[in-house]
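Report on one structure; see the data block that follows.
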Amino acid sequence: MRLVLLGKPGSGKGTQAPRVASSVGVVAISTGDLFRAAVAAGTVLGRRFKEFLDRGELVPDDLVLKMIEERLVEPDCKSGFLFDGFPRTVPQAESFELLLRGRKIPIDAVINLDVPDNVIVERAEGRRTCPKDGRVYHVKFAAPKVVGACDACQTPLVQRADDHRDVVKKRLEEYRQKTAPLLDFYQKRNLLKRVDGVGTLEEVGERVVQALQIISKS
Ligand code: AMP
């Protein structure tokens with residue numbers, strides 16, 4: 001299957017993508033992860049990506065498309081893929097459509113995780129991360145055993161800069177302007193499936209897999 005997972009920043013896409021992809025037997029590709037890997041590798045392109053990532057801005061469409069094109073020819077994409085974080089703008093979706101059409105490999109479905117803004121803000125505001133081992137907690141939904149300390153290494157937990165209320169609101173606004181129009185784009189192509197993204201990790205994952213089973217049977 002060839003799939004795209006859409007949703008607001010903080011809707012749980014990054015958490016669901018690998019789970020859903022493995023349950024349908026395809027590779028999950030996160031463009032955010034690809035960019036971060038290029039930055040870490042210190043390549044020429046990586047240095048250009050870094051400027052945008054550091055400012056929390058979208059990488060220009062032509063650079064994103066170039067990276068997608070290279071990624072699609074990797075052998076693990078042969079049996080399908082699930083994109084998380086791409087496309088993020090209508091021009092990206094249009095170029096992606098042309099690219100896939102040229103290769104005769106159309107998308108099977110686009111899943112959108114529906115989560116209201118207030119839930120996203122609550123999730124982000126309460127999220128705490130261990131700066132040492134990257135473990136993620138939530139003050140209300142997944143509290144550590146000792147308040148403010150990592151269960152595994154007792155390091156004091158921190159709130160990520162992009163989880164602060166103002167930053168979350170800014171990212172939601174950017175999503176509304178640039179990414180939300182994709183819902184209409186894919187709805188018109190009869191590819192969009194909306195899934196309720198409020199619930200436990202398992203509940204939401206199960207809903208997505210069920211939506212995909214309906215598609216593969218139809
Ligand atoms: P993410 O991990 O999906 O939140 O992405 C982290 C950062 O990578 C974003 O803030 C953007 O700077 C960049 N990025 C990821 N995917 C895209 C995309 N499809 N188009 C433009 N920029 C992207």
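By order in the structure tokens, chains are A, B, ...; within a chain, residues start at 1; ligands start at 1, following the order shown.
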
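By only C-alpha atoms, and with residues fewer than 6 positions from segment 175-189 of chain A along its chain excluded, the set lying at most 7 Å from it is A:Lys8, A:Arg88, A:Thr89, A:Val90.
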
Restricting it to N, CA, C and O atoms, dump the selection as a short mmCIF file (atom, residue, chain, number, x, y, z; two decimals), in the first residue's frame.
```cif
data_model
loop_
_atom_site.label_atom_id
_atom_site.label_comp_id
_atom_site.auth_asym_id
_atom_site.auth_seq_id
_atom_site.Cartn_x
_atom_site.Cartn_y
_atom_site.Cartn_z
N LYS A 8 -2.51 17.57 12.26
CA LYS A 8 -1.89 18.79 12.78
C LYS A 8 -0.58 18.44 13.49
O LYS A 8 -0.41 17.28 13.92
N ARG A 88 3.23 18.65 2.74
CA ARG A 88 2.88 19.63 3.77
C ARG A 88 2.24 20.88 3.15
O ARG A 88 1.77 21.75 3.88
N THR A 89 2.29 20.97 1.83
CA THR A 89 1.70 22.12 1.13
C THR A 89 1.03 21.59 -0.15
O THR A 89 1.37 20.48 -0.61
N VAL A 90 0.12 22.38 -0.70
CA VAL A 90 -0.54 21.94 -1.94
C VAL A 90 0.47 21.78 -3.08
O VAL A 90 0.43 20.77 -3.80
#
```

Collect all residues with atoms no farther than 9 Å from ligand 1, counting only C-alpha atoms and all ligand atoms, and output them as a PDB file with C-alpha atoms, in the first residue's frame.
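Now in result38.pdb:
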```pdb
ATOM      1  CA  PRO A   9       1.498  19.143  14.483  1.00  0.00           C
ATOM      2  CA  GLY A  10       1.073  17.204  17.732  1.00  0.00           C
ATOM      3  CA  LYS A  13       1.352  11.211  13.441  1.00  0.00           C
ATOM      4  CA  GLY A  14       4.940  10.505  14.416  1.00  0.00           C
ATOM      5  CA  SER A  30       9.191  10.810   8.130  1.00  0.00           C
ATOM      6  CA  THR A  31      10.482  13.829   6.224  1.00  0.00           C
ATOM      7  CA  GLY A  32      11.315  15.510   9.548  1.00  0.00           C
ATOM      8  CA  ASP A  33      13.574  12.516  10.367  1.00  0.00           C
ATOM      9  CA  LEU A  34      15.171  12.624   6.891  1.00  0.00           C
ATOM     10  CA  PHE A  35      15.966  16.325   7.360  1.00  0.00           C
ATOM     11  CA  ARG A  36      17.341  15.807  10.862  1.00  0.00           C
ATOM     12  CA  PHE A  49      18.072  22.327   5.818  1.00  0.00           C
ATOM     13  CA  LYS A  50      19.392  23.337   9.237  1.00  0.00           C
ATOM     14  CA  GLU A  51      18.581  27.027   8.697  1.00  0.00           C
ATOM     15  CA  PHE A  52      14.906  26.201   8.154  1.00  0.00           C
ATOM     16  CA  LEU A  53      14.621  23.578  10.870  1.00  0.00           C
ATOM     17  CA  ASP A  54      16.191  25.876  13.453  1.00  0.00           C
ATOM     18  CA  ARG A  55      13.650  28.581  12.670  1.00  0.00           C
ATOM     19  CA  GLY A  56      10.762  26.090  12.721  1.00  0.00           C
ATOM     20  CA  GLU A  57       9.968  27.031   9.097  1.00  0.00           C
ATOM     21  CA  LEU A  58       9.084  24.728   6.246  1.00  0.00           C
ATOM     22  CA  VAL A  59      11.942  23.674   3.961  1.00  0.00           C
ATOM     23  CA  PRO A  60      11.356  25.037   0.406  1.00  0.00           C
ATOM     24  CA  ASP A  61       9.269  22.729  -1.758  1.00  0.00           C
ATOM     25  CA  LEU A  63      14.430  20.805  -1.817  1.00  0.00           C
ATOM     26  CA  VAL A  64      11.771  18.601  -0.224  1.00  0.00           C
ATOM     27  CA  LEU A  65      10.783  17.101  -3.579  1.00  0.00           C
ATOM     28  CA  ASP A  84       4.526  11.102   7.680  1.00  0.00           C
ATOM     29  CA  GLY A  85       5.066  14.874   7.408  1.00  0.00           C
ATOM     30  CA  PHE A  86       4.843  14.943   3.629  1.00  0.00           C
ATOM     31  CA  PRO A  87       3.212  16.505   1.679  1.00  0.00           C
ATOM     32  CA  ARG A  88       2.875  19.628   3.774  1.00  0.00           C
ATOM     33  CA  THR A  89       1.702  22.121   1.128  1.00  0.00           C
ATOM     34  CA  GLN A  92       4.187  19.542  -2.694  1.00  0.00           C
ATOM     35  CA  ARG A 171       2.725  25.877  14.381  1.00  0.00           C
TER      36      ARG A 171
END
```

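Of the listed residues A:Ala93, A:Val147, A:Ile120, A:Thr155, the one whose atoms come nearest to Arg135 of chain A is A:Thr155, with distances taken using only C-alpha atoms.
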
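Of the residues listed (A:Asp162, A:Asp108, A:Glu202, A:Asp114), A:Asp108 shows the shortest atom-to-atom separation from Met1 of chain A; distances use only C-alpha atoms.
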
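Look at Thr129 of chain A: the protein and nucleic acid residues within 9 Å of it, using only C-alpha atoms and passing over chain neighbours fewer than 4 places away, are Asp133, Gly134, Arg135, Val136, Tyr137, His138, Cys150, Pro156, Leu157, Val158, Gln159 and Arg160 of chain A.
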
Got a sec to tell me which of segment 139-211 of chain A DSSP assigns to helix (DSSP H, G or I), as a PyMOL selection string?
chain A and resi 161-163+165-179+181-188+201-211

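In this model, the gap between atom CA of Phe83 of chain A and atom CA of Ala17 of chain A comes to 7.8 Å.
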
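Closest to Arg127 of chain A among A:Gly102, A:Ala161, A:Ser95, A:Asp76 is A:Ala161, based on only C-alpha atoms.
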
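Comparing the minimum interatomic distances between Gln16 of chain A and each of A:Val4, A:Gln213, A:Gly80, A:Ala142, counting only C-alpha atoms, we find that A:Val4 sits nearest.
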
Within 12 Å of Ser23 of chain A, counting only C-alpha atoms, which residues show up once you throw out same-chain ones fewer than 2 positions away? Write them as a PyMOL selection string, please.
chain A and resi 1+16-21+25-28+81-82+205-206+208-210+212-213

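We find atom CA of Asn118 of chain A and atom CA of Asp196 of chain A to be spaced 14.5 Å apart.
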
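Our summary of the geometry notes that atom CA of Val198 of chain A is positioned 10.7 Å from atom CA of Arg123 of chain A.
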
Just list the residues in segment 19-196 of chain A DSSP gives strand (DSSP E) on the backbone, as a ChimeraX atom specification.
/A:27-30,81-84,109-114,127-129,136-138,192-196

For the selection you just gave me, I'd like the residues written to a file as an mmCIF file, in the first residue's frame, keeping N, CA, C and O atoms.
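As a result, part-v5.cif now contains:
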```
data_model
loop_
_atom_site.group_PDB
_atom_site.id
_atom_site.type_symbol
_atom_site.label_atom_id
_atom_site.label_comp_id
_atom_site.auth_asym_id
_atom_site.auth_seq_id
_atom_site.Cartn_x
_atom_site.Cartn_y
_atom_site.Cartn_z
ATOM 1 N N VAL A 27 7.190 0.587 4.661
ATOM 2 C CA VAL A 27 8.151 1.396 5.397
ATOM 3 C C VAL A 27 7.527 2.758 5.735
ATOM 4 O O VAL A 27 6.802 3.333 4.913
ATOM 5 N N ALA A 28 7.789 3.242 6.970
ATOM 6 C CA ALA A 28 7.313 4.581 7.361
ATOM 7 C C ALA A 28 8.426 5.570 7.071
ATOM 8 O O ALA A 28 9.580 5.348 7.457
ATOM 9 N N ILE A 29 8.092 6.640 6.370
ATOM 10 C CA ILE A 29 9.114 7.641 6.049
ATOM 11 C C ILE A 29 8.680 8.991 6.613
ATOM 12 O O ILE A 29 7.643 9.530 6.233
ATOM 13 N N SER A 30 9.484 9.497 7.550
ATOM 14 C CA SER A 30 9.191 10.810 8.130
ATOM 15 C C SER A 30 10.145 11.821 7.508
ATOM 16 O O SER A 30 11.370 11.673 7.625
ATOM 17 N N PHE A 81 4.760 2.401 0.903
ATOM 18 C CA PHE A 81 5.345 3.336 1.880
ATOM 19 C C PHE A 81 4.220 4.059 2.612
ATOM 20 O O PHE A 81 3.065 4.059 2.168
ATOM 21 N N LEU A 82 4.587 4.639 3.733
ATOM 22 C CA LEU A 82 3.669 5.520 4.442
ATOM 23 C C LEU A 82 4.437 6.796 4.754
ATOM 24 O O LEU A 82 5.445 6.744 5.474
ATOM 25 N N PHE A 83 4.008 7.910 4.173
ATOM 26 C CA PHE A 83 4.682 9.179 4.441
ATOM 27 C C PHE A 83 4.074 9.879 5.635
ATOM 28 O O PHE A 83 2.855 9.979 5.750
ATOM 29 N N ASP A 84 4.944 10.340 6.504
ATOM 30 C CA ASP A 84 4.526 11.102 7.680
ATOM 31 C C ASP A 84 5.235 12.463 7.606
ATOM 32 O O ASP A 84 6.457 12.512 7.596
ATOM 33 N N ALA A 109 -4.372 5.647 -0.225
ATOM 34 C CA ALA A 109 -5.215 6.363 0.738
ATOM 35 C C ALA A 109 -4.414 7.425 1.481
ATOM 36 O O ALA A 109 -3.198 7.317 1.630
ATOM 37 N N VAL A 110 -5.154 8.433 1.944
ATOM 38 C CA VAL A 110 -4.577 9.492 2.779
ATOM 39 C C VAL A 110 -5.386 9.500 4.067
ATOM 40 O O VAL A 110 -6.612 9.658 4.029
ATOM 41 N N ILE A 111 -4.708 9.255 5.179
ATOM 42 C CA ILE A 111 -5.412 9.205 6.461
ATOM 43 C C ILE A 111 -5.175 10.522 7.186
ATOM 44 O O ILE A 111 -4.018 10.969 7.289
ATOM 45 N N ASN A 112 -6.224 11.138 7.676
ATOM 46 C CA ASN A 112 -6.031 12.323 8.513
ATOM 47 C C ASN A 112 -6.422 11.993 9.948
ATOM 48 O O ASN A 112 -7.513 11.490 10.199
ATOM 49 N N LEU A 113 -5.501 12.287 10.876
ATOM 50 C CA LEU A 113 -5.815 12.099 12.298
ATOM 51 C C LEU A 113 -6.501 13.365 12.785
ATOM 52 O O LEU A 113 -5.873 14.425 12.828
ATOM 53 N N ASP A 114 -7.770 13.268 13.099
ATOM 54 C CA ASP A 114 -8.536 14.438 13.553
ATOM 55 C C ASP A 114 -8.344 14.638 15.056
ATOM 56 O O ASP A 114 -8.741 13.772 15.851
ATOM 57 N N ARG A 127 3.703 17.783 28.059
ATOM 58 C CA ARG A 127 4.743 16.820 27.668
ATOM 59 C C ARG A 127 6.081 17.211 28.297
ATOM 60 O O ARG A 127 6.479 18.364 28.300
ATOM 61 N N ARG A 128 6.768 16.207 28.837
ATOM 62 C CA ARG A 128 8.102 16.429 29.405
ATOM 63 C C ARG A 128 9.035 15.389 28.808
ATOM 64 O O ARG A 128 8.650 14.231 28.630
ATOM 65 N N THR A 129 10.254 15.808 28.516
ATOM 66 C CA THR A 129 11.201 14.917 27.847
ATOM 67 C C THR A 129 12.461 14.782 28.692
ATOM 68 O O THR A 129 12.894 15.750 29.320
ATOM 69 N N VAL A 136 9.810 10.106 26.753
ATOM 70 C CA VAL A 136 8.787 11.153 26.766
ATOM 71 C C VAL A 136 7.710 10.820 27.800
ATOM 72 O O VAL A 136 7.259 9.682 27.894
ATOM 73 N N TYR A 137 7.329 11.830 28.612
ATOM 74 C CA TYR A 137 6.291 11.662 29.641
ATOM 75 C C TYR A 137 5.222 12.721 29.431
ATOM 76 O O TYR A 137 5.378 13.615 28.588
ATOM 77 N N HIS A 138 4.147 12.609 30.222
ATOM 78 C CA HIS A 138 3.142 13.671 30.226
ATOM 79 C C HIS A 138 2.691 13.852 31.672
ATOM 80 O O HIS A 138 2.407 12.855 32.355
ATOM 81 N N LEU A 192 -9.251 10.652 0.775
ATOM 82 C CA LEU A 192 -9.159 11.021 2.189
ATOM 83 C C LEU A 192 -10.005 10.151 3.105
ATOM 84 O O LEU A 192 -11.186 9.939 2.848
ATOM 85 N N LYS A 193 -9.381 9.659 4.178
ATOM 86 C CA LYS A 193 -10.105 8.936 5.234
ATOM 87 C C LYS A 193 -9.810 9.676 6.533
ATOM 88 O O LYS A 193 -8.640 9.856 6.891
ATOM 89 N N ARG A 194 -10.842 10.106 7.220
ATOM 90 C CA ARG A 194 -10.645 10.826 8.482
ATOM 91 C C ARG A 194 -10.777 9.847 9.634
ATOM 92 O O ARG A 194 -11.709 9.030 9.657
ATOM 93 N N VAL A 195 -9.831 9.917 10.562
ATOM 94 C CA VAL A 195 -9.849 9.006 11.705
ATOM 95 C C VAL A 195 -9.788 9.850 12.973
ATOM 96 O O VAL A 195 -9.001 10.802 13.051
ATOM 97 N N ASP A 196 -10.630 9.494 13.956
ATOM 98 C CA ASP A 196 -10.623 10.213 15.228
ATOM 99 C C ASP A 196 -9.282 9.944 15.925
ATOM 100 O O ASP A 196 -8.958 8.801 16.252
#
```

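Shortest atom-to-atom contact with Asp163 of chain A among A:Leu5, A:Val119, A:Ala124, A:Leu72: A:Ala124, counting only C-alpha atoms.
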
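Considering only C-alpha atoms, the residue among A:Leu3, A:Val121, A:Val139, A:Ala149 positioned nearest to Val24 of chain A is A:Leu3.
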